[in-house]
Amino acid sequence: MSMIEMDQATGTVVLQAGRTSYVLRLDGTGSTVRQIHWGPALSVAEAATLVEPEDGRDSFDGGTDAREEMPVEGGLRYGVPALEVRHPDGTSSLEPLLTGRGIQHGPDGSRLVLHFVDAGPEGTRDLAWDLHYRVRRDSDVVERWAVVRNTAAGGGRPLTLLRHAGGQWTLPTRAGYRLSSVHGAWSEEFQLAGQPLAYGETTLTSRRGHTGHQSNPWVMLDAGDATEDHGEVWSVALAAGGSWRTTVLRTPAGHCGVVSGAGHEGVEAVLEPGEELTTAVTAGVWSGTGFGGASRAWHTYVRRHVLPAGGELRPVLYNSWEATTFDVTEAGQRELADRAAALGVELFVVDDGWFGRRDDDRAGLGDWHPHPGRFPDGLRPLADHVHGLGMAFGLWVEPEMVNPDSDLFRAHPDWVLHHPDRRPSPQRHQLVLDFSRPEVTEWAFGWLDRTVRDNGVDFLKWDFNRSFSEAARRTGGTAARAVHTEHAAGFHRVLDRLRAAHPRLRVESCAGGGGRVDLAVLARTDQVWTSDNTDAVDRLTIQHGASQLYPASVLGAWVTDSPNPLTGRRVPLRFRFHAAMAGVLGIGGDLTSWTAEELAEAAALVSVYKDVRPVVQHGEQYRLGPPGGHGHAVLHVHEAAGEAVLLQWRVGGRGRRAAEPLRLPGLVEDADYRVFEPGEPPEAARVVPGRVLAVHGLAAELPQGEYRSRLLRLRRL
Ligand code: DGJ
């Protein structure tokens, strides 16, 4: 069956995305397109029989709110516009007219394009837009975006776009809706919360110029009845890296729509005659197997279709930040590298402090040459040493920032985001360089390219440690605030160029931890630094929230010292490892202070991680029980390899209550599994039928005491 099919008689278009169908109905007048089914697969003959709910019931109800694929301002529309313009005469009305459609099948999926013009009573006006849909056979995700064009000929007038989202995602009518999303702060990212969806408009947004710790650009909606494993969930995520806005509308008529796009309110874009703008992509997924099913669909999509090298396994890294902070020296890094290599680490990353006069956070940002006192012979000797130990060499950079106390700022004070007549608002003693300016991105690409080339750098940790302030383009005018989206576009361009110039370079996205994690950055990086909070207990909650959308293969997690430098909590090494082994394992402690026993235990656990890594990073993830409870565990199943890995944690003491058996989904029920702990003699392993594991469960009792954890392997026989 073709992935996009149409029933001409009813104007019904069926897009098959993996196991799901997304069905559109083009109305006879050509003025609107609606989604009429987003759920289990339907044939085009079945979809043609679908009946749409009635429109408006009285003279105050336009009836189309939260029901159109591309709501605009104009006519009897009162919902959230996905496309909103200001015409030269100050009005905003648009009259959409569908003028054509196209279907293309290519190696990267099938695409439907719907062409619209703005049609006034006297003919076509100067705006046209195309709605794009892409579906793939191996992913349940539907991708959508729009291209908006000012069709005026030269000498015509510019158009101002007040809102430019790729479209609206609508949900089927349900009696109740629940909204699930994450909120957070620095060192407390990805806190998952679900609540009844309020009537009216609920907006999640970042006005910070980056994705933000406070929220993440995705939502999940259900009828209030979905669980981790059961029920329908509709989820929408935005692939944009600057400021953004997602608005969920719930109407009294019982409709629900999601409009998500780059830029927040007040951020306008100007289209000159002949110019066009491609909106950020939004992606949507329907799951019939609860939130867990939605997450697994997202993970597969991110690995297969978002990440540039999603088929790779991420290496075990060491990062020096918590060990040394700014006190980076060649001798100190060599010593850490020696110890890291002995543990089996594969990538050694030198963090902040290697450049300029960077003795603390007050100076040096912008001066990207090796710190003269600390690396008098440059970075090459250290890089060679690290390579000689068999590890890849990584470097921390923060290219979008500058300390006023730097040679760069003294030479180019005008390169920073600023309002000439306002006081600057430094944060962490730094200002933001305007990456919407080509001369700034040229400069950044130049030194990054040189640094990578001259030092054999294999990996960059790209950081961003403050949000925007005084953000406006120095050219002024209507589109001055477009820097809220255009800075991110400049950042993306530098990354794309750098990767093209250095195909083996791998990149970690970091913004003071998880302040820049989104589908757009993942399209040009390989992993993210999930949080500056490395406390293993806090991390379990952070990872639980992050895993709603992002796969384990991108979530960097370090084992650091105990007591934890941020929280003071003392947690056994084994628990710290087991928490970090649920993501991309890294080590971030001061290895010079670890005892011989700790180093030996760490080496053994690194080796276990390498064994189970394909399952953790590329398997399907099942979250079993939320963090904090007695049954908190995550199961990773690699069906093709016949392997599964169960990671289980309990923070508090066992108490009197017996733990519930852990029922393990995702296994082959009519196969037997050998269940064993790494290092256990084979005769100690149990053989348990998959069906018993699925329906009865595995005894889940962890030993008495606080901070207990274990890793179990399951191998299909
Ligand atoms: C914030 C990052 O999240 C940390 O890991 C570290 O790289 C510091 N910045 C360095 O300034």
# chains A, B, ... in the order shown; residues from 1 in each chain; ligands from 1
$ select_by_dssp --residues "segment 231-380 of chain A" --states "alpha helix (DSSP H)" --output "ChimeraX atom specification"
/A:290-301,321-324,330-343,380
$ closest_atom_pairs --of "chain A" --to "ligand 1" --cutoff "9 Å" --atoms "only C-alpha atoms and all ligand atoms" --output "tab-separated table"
residue	atom	partner	partner_atom_place_in_ligand_line	distance
A:Ser187	CA	ligand 1	3 (O)	8.8
A:Asn319	CA	ligand 1	5 (O)	8.3
A:Ser320	CA	ligand 1	7 (O)	8.8
A:Trp321	CA	ligand 1	6 (C)	5.8
A:Glu322	CA	ligand 1	5 (O)	7.7
A:Thr325	CA	ligand 1	10 (C)	7.2
A:Phe326	CA	ligand 1	11 (O)	7.8
A:Asp351	CA	ligand 1	7 (O)	5.6
A:Asp352	CA	ligand 1	10 (C)	4.8
A:Gly353	CA	ligand 1	11 (O)	7.8
A:Asp360	CA	ligand 1	11 (O)	8.9
A:Asp361	CA	ligand 1	11 (O)	7.3
A:Trp396	CA	ligand 1	7 (O)	6.7
A:Val397	CA	ligand 1	7 (O)	8.4
A:Glu398	CA	ligand 1	11 (O)	8.4
A:Lys461	CA	ligand 1	7 (O)	7.6
A:Trp462	CA	ligand 1	7 (O)	8.5
A:Asp463	CA	ligand 1	9 (N)	6.4
A:Phe464	CA	ligand 1	1 (C)	7.4
A:Asn465	CA	ligand 1	1 (C)	6.1
A:Cys510	CA	ligand 1	3 (O)	5.9
A:Ala511	CA	ligand 1	3 (O)	5.9
A:Gly512	CA	ligand 1	3 (O)	3.5
A:Gly513	CA	ligand 1	3 (O)	3.9
A:Gly514	CA	ligand 1	3 (O)	7.6
A:Gly515	CA	ligand 1	3 (O)	8.7
A:Trp529	CA	ligand 1	3 (O)	6.8
A:Thr530	CA	ligand 1	3 (O)	8.4
A:Ser531	CA	ligand 1	3 (O)	6.6
A:Asp532	CA	ligand 1	3 (O)	5.0
A:Asn533	CA	ligand 1	3 (O)	8.8
$ residues_around --residues "segment 384-390 of chain A" --least-positions-apart "6" --cutoff "8 Å" --atoms "only C-alpha atoms" --output "PyMOL selection string"
chain A and resi 334+337-338+341+346+348
$ closest_residue --among "A:Leu83, A:Leu179, A:Ala152, A:Leu635" --to "Glu95 of chain A" --atoms "only C-alpha atoms"
A:Leu83
$ residues_around --residues "Leu197 of chain A" --least-positions-apart "4" --cutoff "9 Å" --atoms "only C-alpha atoms" --output "list of chain:residue names"
A:Gly176, A:Tyr177, A:Arg178, A:Leu179, A:Ser180, A:Thr202, A:Leu221, A:Val248, A:Leu249, A:Arg250
$ residues_around --residues "Leu549 of chain A" --least-positions-apart "2" --cutoff "9 Å" --atoms "only C-alpha atoms" --output "PyMOL selection string"
chain A and resi 218+237+294-299+302+545-547+551
$ closest_residue --among "A:Gly292, A:Gly123, A:Gly344, A:Gly705" --to "Pro665 of chain A" --atoms "only C-alpha atoms"
A:Gly292
$ select_by_dssp --residues "segment 267-472 of chain A" --states "strand (DSSP E)" --output "VMD selection string"
chain A and resid 269 to 271 276 to 278 281 to 287 317 to 319 347 to 350 392 to 397 401 to 402 431 to 432 459 to 462
$ atom_distance --atom1 "atom CA of Leu646 of chain A" --atom2 "atom CA of Ala309 of chain A"
25.7 Å
$ closest_residue --among "A:Val606, A:Leu433, A:Val270, A:Leu365" --to "His164 of chain A" --atoms "only C-alpha atoms"
A:Val270
$ atom_distance --atom1 "atom CA of Arg450 of chain A" --atom2 "atom CA of Val521 of chain A"
22.5 Å
$ residues_around --residues "segment 283-288 of chain A" --least-positions-apart "5" --cutoff "6 Å" --atoms "only C-alpha atoms" --output "list of chain:residue names"
A:Gly39, A:Val141, A:Val142, A:Glu143, A:Gly231, A:Glu232, A:Val233, A:Trp234, A:Ser235, A:Val236, A:Ala237, A:Gly293, A:Ala294
$ closest_residue --among "A:Leu131, A:Leu417, A:Arg574, A:Gly109" --to "Arg481 of chain A" --atoms "only C-alpha atoms"
A:Leu417
